[in-house]
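A.B. asks: Dropping in query-v3.txt, with compact mmCIF, C-alpha atoms.
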# COMPACT_ATOMS: atom_id res chain seq x y z
CA MET A 1 22.47 27.09 -32.43
CA GLU A 2 20.97 24.74 -35.02
CA ASP A 3 18.30 23.56 -32.54
CA THR A 4 17.39 27.16 -31.71
CA GLY A 5 16.99 27.94 -35.40
CA LYS A 6 14.70 24.95 -35.93
CA VAL A 7 12.52 25.92 -33.00
CA SER A 8 12.27 29.50 -34.28
CA ALA A 9 11.36 28.30 -37.77
CA GLY A 10 8.73 26.01 -36.31
CA GLY A 11 7.35 28.83 -34.24
CA LEU A 12 7.14 31.11 -37.27
CA LEU A 13 5.41 28.41 -39.29
CA GLY A 14 2.91 27.83 -36.48
CA ALA A 15 2.20 31.55 -36.23
CA LEU A 16 1.71 31.75 -40.01
CA LEU A 17 -0.72 28.81 -40.00
CA ARG A 18 -2.69 30.35 -37.12
CA TRP A 19 -2.87 33.62 -39.07
CA LEU A 20 -4.02 31.85 -42.23
CA TYR A 21 -6.34 29.45 -40.43
CA PRO A 22 -7.39 31.09 -37.15
CA PRO A 23 -9.20 28.86 -34.62
CA VAL A 24 -12.97 28.75 -34.92
CA CYS A 25 -15.25 27.50 -32.15
CA LEU A 26 -16.62 24.06 -33.03
CA LEU A 27 -19.79 24.76 -31.06
CA CYS A 28 -20.91 28.23 -32.20
CA ARG A 29 -18.46 29.19 -35.03
CA ALA A 30 -17.25 32.28 -33.18
CA PRO A 31 -13.48 32.95 -33.17
CA GLY A 32 -11.58 30.50 -31.01
CA ALA A 33 -9.24 31.53 -28.21
CA GLY A 34 -5.86 30.32 -27.04
CA ASP A 35 -5.17 28.30 -30.21
CA LEU A 36 -8.23 26.16 -29.45
CA ASP A 37 -11.31 25.73 -31.62
CA LEU A 38 -13.42 26.94 -28.71
CA CYS A 39 -14.57 30.43 -27.75
CA PRO A 40 -14.49 31.69 -24.13
CA GLY A 41 -18.28 31.67 -23.85
CA CYS A 42 -18.67 28.05 -24.92
CA ARG A 43 -15.72 27.04 -22.75
CA GLY A 44 -17.57 28.46 -19.77
CA ASP A 45 -20.63 26.39 -20.67
CA LEU A 46 -18.76 23.06 -20.63
CA PRO A 47 -20.01 20.61 -17.97
CA TRP A 48 -16.78 20.42 -15.96
CA PHE A 49 -16.75 17.53 -13.50
CA GLY A 50 -17.12 18.47 -9.86
CA HIS A 51 -17.07 16.37 -6.72
CA GLY A 52 -17.10 12.61 -7.25
CA CYS A 53 -16.08 9.30 -5.74
CA PRO A 54 -12.28 9.05 -6.07
CA ALA A 55 -12.54 5.35 -6.91
CA CYS A 56 -15.20 5.38 -9.65
CA ALA A 57 -15.96 9.11 -10.23
CA ARG A 58 -19.66 8.63 -9.54
CA PRO A 59 -20.92 12.17 -8.88
CA LEU A 60 -21.46 12.88 -5.18
CA PRO A 61 -23.23 15.76 -3.45
CA PRO A 62 -21.13 18.26 -1.50
CA GLY A 63 -20.25 16.98 1.95
CA ALA A 64 -20.65 13.31 1.02
CA GLY A 65 -18.16 10.75 2.30
CA PRO A 66 -14.90 9.93 0.56
CA LEU A 67 -16.33 6.92 -1.33
CA CYS A 68 -19.72 6.19 -2.83
CA GLY A 69 -21.86 3.42 -1.38
CA ALA A 70 -21.20 1.08 -4.32
CA CYS A 71 -17.41 1.30 -3.92
CA LEU A 72 -17.65 0.84 -0.15
CA LYS A 73 -19.68 -2.31 -0.73
CA ARG A 74 -17.60 -3.65 -3.62
CA PRO A 75 -14.34 -1.83 -4.47
CA PRO A 76 -13.71 -1.67 -8.22
CA PRO A 77 -10.72 -3.47 -9.78
CA PHE A 78 -9.09 -0.12 -10.60
CA ASP A 79 -7.57 2.17 -7.98
CA ALA A 80 -8.87 5.60 -9.01
CA THR A 81 -10.92 7.36 -11.66
CA HIS A 82 -10.37 10.88 -12.95
CA ALA A 83 -13.09 12.52 -15.09
CA LEU A 84 -12.86 15.86 -16.88
CA PHE A 85 -16.53 16.40 -17.71
CA HIS A 86 -20.00 15.18 -16.91
CA TYR A 87 -21.50 13.47 -19.95
CA ALA A 88 -23.86 16.31 -20.78
CA ALA A 89 -24.36 19.01 -23.40
CA PRO A 90 -22.38 20.18 -25.26
CA VAL A 91 -19.61 17.63 -24.58
CA ASP A 92 -21.91 14.74 -25.46
CA ARG A 93 -22.41 16.30 -28.91
CA LEU A 94 -18.67 16.63 -29.43
CA ILE A 95 -18.08 13.00 -28.42
CA THR A 96 -20.83 11.58 -30.64
CA GLY A 97 -19.57 13.72 -33.52
CA LEU A 98 -16.15 12.18 -33.06
CA LYS A 99 -17.27 8.57 -32.65
CA TYR A 100 -20.05 8.33 -35.21
CA ARG A 101 -19.27 11.06 -37.73
CA GLY A 102 -15.47 10.86 -37.79
CA ARG A 103 -14.91 14.47 -36.77
CA LEU A 104 -11.32 14.15 -35.61
CA SER A 105 -11.14 17.90 -34.97
CA HIS A 106 -13.31 17.16 -31.93
CA ALA A 107 -10.64 14.77 -30.64
CA ARG A 108 -7.94 17.42 -30.99
CA LEU A 109 -9.99 20.00 -29.08
CA LEU A 110 -11.12 17.63 -26.33
CA GLY A 111 -7.65 16.09 -26.01
CA GLU A 112 -6.00 19.49 -25.60
CA LEU A 113 -8.54 20.52 -22.96
CA TRP A 114 -7.98 17.22 -21.19
CA ALA A 115 -4.21 17.60 -21.23
CA SER A 116 -4.45 20.99 -19.52
CA HIS A 117 -6.44 19.47 -16.62
CA ALA A 118 -4.91 15.98 -16.36
CA PRO A 119 -3.85 14.63 -12.93
CA VAL A 120 -0.05 14.78 -13.03
CA THR A 121 0.91 14.75 -9.34
CA ASP A 122 1.83 11.08 -9.65
CA PRO A 123 2.00 10.46 -13.41
CA PRO A 124 1.53 6.92 -14.70
CA ASP A 125 4.23 5.02 -16.55
CA LEU A 126 2.09 4.80 -19.67
CA LEU A 127 -1.30 5.68 -21.15
CA LEU A 128 -3.37 2.77 -22.44
CA PRO A 129 -6.32 3.67 -24.70
CA VAL A 130 -9.20 1.20 -24.63
CA PRO A 131 -8.71 -0.82 -27.84
CA LEU A 132 -11.36 -1.55 -30.43
CA HIS A 133 -11.87 -4.98 -31.91
CA PRO A 134 -10.25 -5.17 -35.40
CA GLU A 135 -13.67 -5.50 -37.05
CA ARG A 136 -14.97 -2.36 -35.33
CA LEU A 137 -11.74 -0.53 -36.12
CA ARG A 138 -12.12 -1.33 -39.82
CA GLU A 139 -15.70 -0.08 -39.76
CA ARG A 140 -14.93 3.17 -37.93
CA GLY A 141 -11.48 3.81 -39.35
CA PHE A 142 -10.04 5.11 -36.09
CA ASN A 143 -10.09 4.51 -32.34
CA GLN A 144 -11.61 7.50 -30.56
CA SER A 145 -9.84 6.68 -27.28
CA LEU A 146 -6.48 6.64 -29.06
CA GLU A 147 -7.19 9.95 -30.80
CA LEU A 148 -8.09 11.54 -27.47
CA ALA A 149 -4.96 10.10 -25.85
CA ARG A 150 -2.53 11.53 -28.42
CA PRO A 151 -2.61 15.13 -27.07
CA LEU A 152 -2.38 13.79 -23.50
CA SER A 153 0.75 11.80 -24.33
CA ARG A 154 2.35 14.64 -26.26
CA ARG A 155 1.61 17.40 -23.74
CA LEU A 156 2.33 15.37 -20.59
CA GLY A 157 5.33 13.44 -21.92
CA ILE A 158 3.81 10.08 -20.93
CA PRO A 159 4.32 7.15 -23.35
CA LEU A 160 1.27 6.01 -25.29
CA GLU A 161 0.94 2.23 -25.67
CA THR A 162 -1.18 0.59 -28.37
CA GLY A 163 0.30 -2.90 -28.60
CA LEU A 164 0.10 -4.05 -25.00
CA LEU A 165 -3.61 -4.84 -24.92
CA GLN A 166 -5.87 -6.37 -27.55
CA ARG A 167 -9.62 -6.70 -27.85
CA VAL A 168 -9.87 -10.35 -28.83
CA ARG A 169 -13.63 -10.84 -28.83
CA PRO A 170 -16.18 -8.68 -30.65
CA THR A 171 -18.82 -7.34 -28.29
CA ARG A 172 -22.18 -5.65 -28.58
CA ALA A 173 -22.30 -1.91 -28.12
CA GLN A 174 -22.56 -1.16 -24.39
CA GLN A 175 -25.09 1.60 -24.99
CA GLY A 176 -28.53 0.43 -23.92
CA LEU A 177 -27.30 -2.49 -21.83
CA LYS A 178 -27.84 -2.71 -18.07
CA GLY A 179 -25.05 -3.22 -15.51
CA LYS A 180 -24.99 -7.03 -15.44
CA GLU A 181 -25.41 -7.22 -19.20
CA ARG A 182 -22.48 -4.83 -19.67
CA ARG A 183 -20.23 -6.95 -17.44
CA ARG A 184 -21.15 -10.14 -19.29
CA ASN A 185 -20.69 -8.39 -22.62
CA VAL A 186 -17.02 -7.51 -21.99
CA ARG A 187 -16.02 -10.59 -20.00
CA ALA A 188 -12.84 -12.12 -21.51
CA ALA A 189 -12.97 -9.56 -24.32
CA PHE A 190 -9.41 -8.31 -23.66
CA GLU A 191 -6.03 -9.91 -23.21
CA ILE A 192 -2.47 -8.78 -22.73
CA ALA A 193 -0.87 -9.19 -26.14
CA ALA A 194 2.82 -8.39 -25.78
CA GLY A 195 5.31 -6.52 -23.65
CA THR A 196 5.79 -5.94 -19.96
CA VAL A 197 3.05 -4.31 -17.94
CA PRO A 198 4.52 -1.44 -15.88
CA ALA A 199 3.66 -0.78 -12.27
CA HIS A 200 1.42 2.25 -12.89
CA VAL A 201 -0.98 2.39 -15.83
CA ALA A 202 -3.73 4.84 -16.81
CA ILE A 203 -6.56 3.50 -18.97
CA ILE A 204 -7.87 6.16 -21.38
CA ASP A 205 -11.53 6.12 -22.46
CA ASP A 206 -14.04 8.61 -23.80
CA VAL A 207 -17.13 7.90 -21.66
CA MET A 208 -17.59 5.88 -18.48
CA THR A 209 -21.05 4.70 -17.50
CA THR A 210 -20.91 1.62 -15.27
CA GLY A 211 -17.15 1.02 -15.53
CA SER A 212 -17.59 -2.51 -16.88
CA THR A 213 -15.17 -2.12 -19.80
CA VAL A 214 -12.37 -0.42 -17.87
CA GLY A 215 -12.97 -2.82 -14.97
CA GLU A 216 -12.35 -5.83 -17.19
CA ILE A 217 -9.18 -4.22 -18.53
CA ALA A 218 -7.99 -3.36 -15.02
CA ARG A 219 -8.38 -7.01 -13.97
CA GLN A 220 -6.22 -8.11 -16.87
CA LEU A 221 -3.56 -5.51 -16.04
CA LYS A 222 -3.50 -6.44 -12.37
CA ARG A 223 -3.15 -10.15 -13.23
CA ALA A 224 -0.22 -9.24 -15.48
CA GLY A 225 1.61 -7.40 -12.70
CA ALA A 226 0.35 -3.80 -12.61
CA GLU A 227 0.36 -2.41 -9.08
CA ARG A 228 -1.78 0.68 -9.69
CA VAL A 229 -4.38 1.09 -12.42
CA GLU A 230 -6.13 4.42 -12.88
CA VAL A 231 -8.99 5.26 -15.22
CA TRP A 232 -8.77 8.58 -17.02
CA VAL A 233 -12.11 9.24 -18.66
CA LEU A 234 -13.10 12.28 -20.68
CA ALA A 235 -16.72 12.23 -19.49
CA ARG A 236 -18.58 10.46 -16.69
CA ALA A 237 -22.19 9.49 -17.31
If you convert what's in this file into structure tokens, what do you get?

C.D. replies:
Amino acid sequence: MEDTGKVSAGGLLGALLRWLYPPVCLLCRAPGAGDLDLCPGCRGDLPWFGHGCPACARPLPPGAGPLCGACLKRPPPFDATHALFHYAAPVDRLITGLKYRGRLSHARLLGELWASHAPVTDPPDLLLPVPLHPERLRERGFNQSLELARPLSRRLGIPLETGLLQRVRPTRAQQGLKGKERRRNVRAAFEIAAGTVPAHVAIIDDVMTTGSTVGEIARQLKRAGAERVEVWVLARA
């Protein structure tokens, strides 16, 4: 009976907070819907991801083969990629607002949307956000991949791991670099820090462009004993 009372009290408190502070759309300031800071109209305008290569999530036209040409020629070090959105307006604005302006409300909204569409047929043993180097973390004050992963972990009941992997070498920003430059930039930038790597891991990142960063992490995880490494990315460029 005590547990039931606590849940009821929590539900009443949540209802009171929603009444006092109703959700407001982060994109157009209209009233939000479904406890999300997003209105139905703006939700319909989101660039939801469609058909893509199951290995790397490169967008493919309807009727294309199961894998893109790049993955047929050289399979990536990870086993699958799941993307929620194309990296396009207005999601790109929400992501840049989170990363460069510290708008953590964007992470809560995007994370909740992500959790409601996450691939859970064969859930991973843990979620692994892409880590920032300590210097970058001090500058930014937060890790956007971790903030996006929190709602996923909470809603899906999958453990969130932040101590397993470390970024041991500072790197240049990947934005503006070409494919080979991106791969060189992140080479040996990560290492397994502590703990046992489970059989099935999902790497969590905000945007995937060439896959160089998540590819380097996947190699480290596979060397440490992971059997299946998926990439869960909020947006695919």

A.B. asks: Just the number, please: distance in Å from atom CA of Ser153 of chain A to atom CA of Ala199 of chain A, one decimal.

C.D. replies: 17.7 Å

A.B. asks: Please determine, counting all atoms listed in the file, which residue among A:Leu128, A:Gly52, A:Cys25, A:Gly97 has the shortest atom-to-atom distance to Pro40 of chain A.

C.D. replies: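 Among A:Leu128, A:Gly52, A:Cys25, A:Gly97, it is A:Cys25 that comes nearest to Pro40 of chain A.
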
A.B. asks: Residues within 12 Å of Leu156 of chain A, please, as a compact mmCIF listing (two decimals) with C-alpha atoms, keeping the file's coordinate frame. Count all atoms listed in the file; anything in the same chain fewer than 2 positions from it doesn't count.

C.D. replies:
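Below you can see out.txt, which holds the result:
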# COMPACT_ATOMS: atom_id res chain seq x y z
CA GLY A 111 -7.65 16.09 -26.01
CA GLU A 112 -6.00 19.49 -25.60
CA TRP A 114 -7.98 17.22 -21.19
CA ALA A 115 -4.21 17.60 -21.23
CA SER A 116 -4.45 20.99 -19.52
CA HIS A 117 -6.44 19.47 -16.62
CA ALA A 118 -4.91 15.98 -16.36
CA PRO A 119 -3.85 14.63 -12.93
CA VAL A 120 -0.05 14.78 -13.03
CA THR A 121 0.91 14.75 -9.34
CA ASP A 122 1.83 11.08 -9.65
CA PRO A 123 2.00 10.46 -13.41
CA PRO A 124 1.53 6.92 -14.70
CA ASP A 125 4.23 5.02 -16.55
CA LEU A 126 2.09 4.80 -19.67
CA LEU A 127 -1.30 5.68 -21.15
CA ALA A 149 -4.96 10.10 -25.85
CA ARG A 150 -2.53 11.53 -28.42
CA PRO A 151 -2.61 15.13 -27.07
CA LEU A 152 -2.38 13.79 -23.50
CA SER A 153 0.75 11.80 -24.33
CA ARG A 154 2.35 14.64 -26.26
CA ILE A 158 3.81 10.08 -20.93
CA PRO A 159 4.32 7.15 -23.35
CA LEU A 160 1.27 6.01 -25.29

A.B. asks: What is the distance between atom CA of Asn185 of chain A and atom CA of Leu94 of chain A, in Å to one decimal?

C.D. replies: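 If I compute the distance from atom CA of Asn185 of chain A to atom CA of Leu94 of chain A, I get 26.0 Å.
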
A.B. asks: Could you work out how far atom CA of Pro131 of chain A lies from atom CA of Leu146 of chain A, giving the answer in Å with one decimal?

C.D. replies: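 It comes out at 7.9 Å.
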
A.B. asks: Neighbours of Arg219 of chain A within 7 Å (all atoms listed in the file; same-chain residues fewer than 4 positions away dropped), as a ChimeraX atom specification?

C.D. replies: /A:77,215,223

A.B. asks: Residues at most 12 Å from Asp45 of chain A, counting all atoms listed in the file, excluding those fewer than 6 positions away in the same chain, as a list in words?

C.D. replies: Leu27, Cys28, Leu38, Cys39, Phe85, His86, Ala88, Ala89, Pro90 and Val91 of chain A
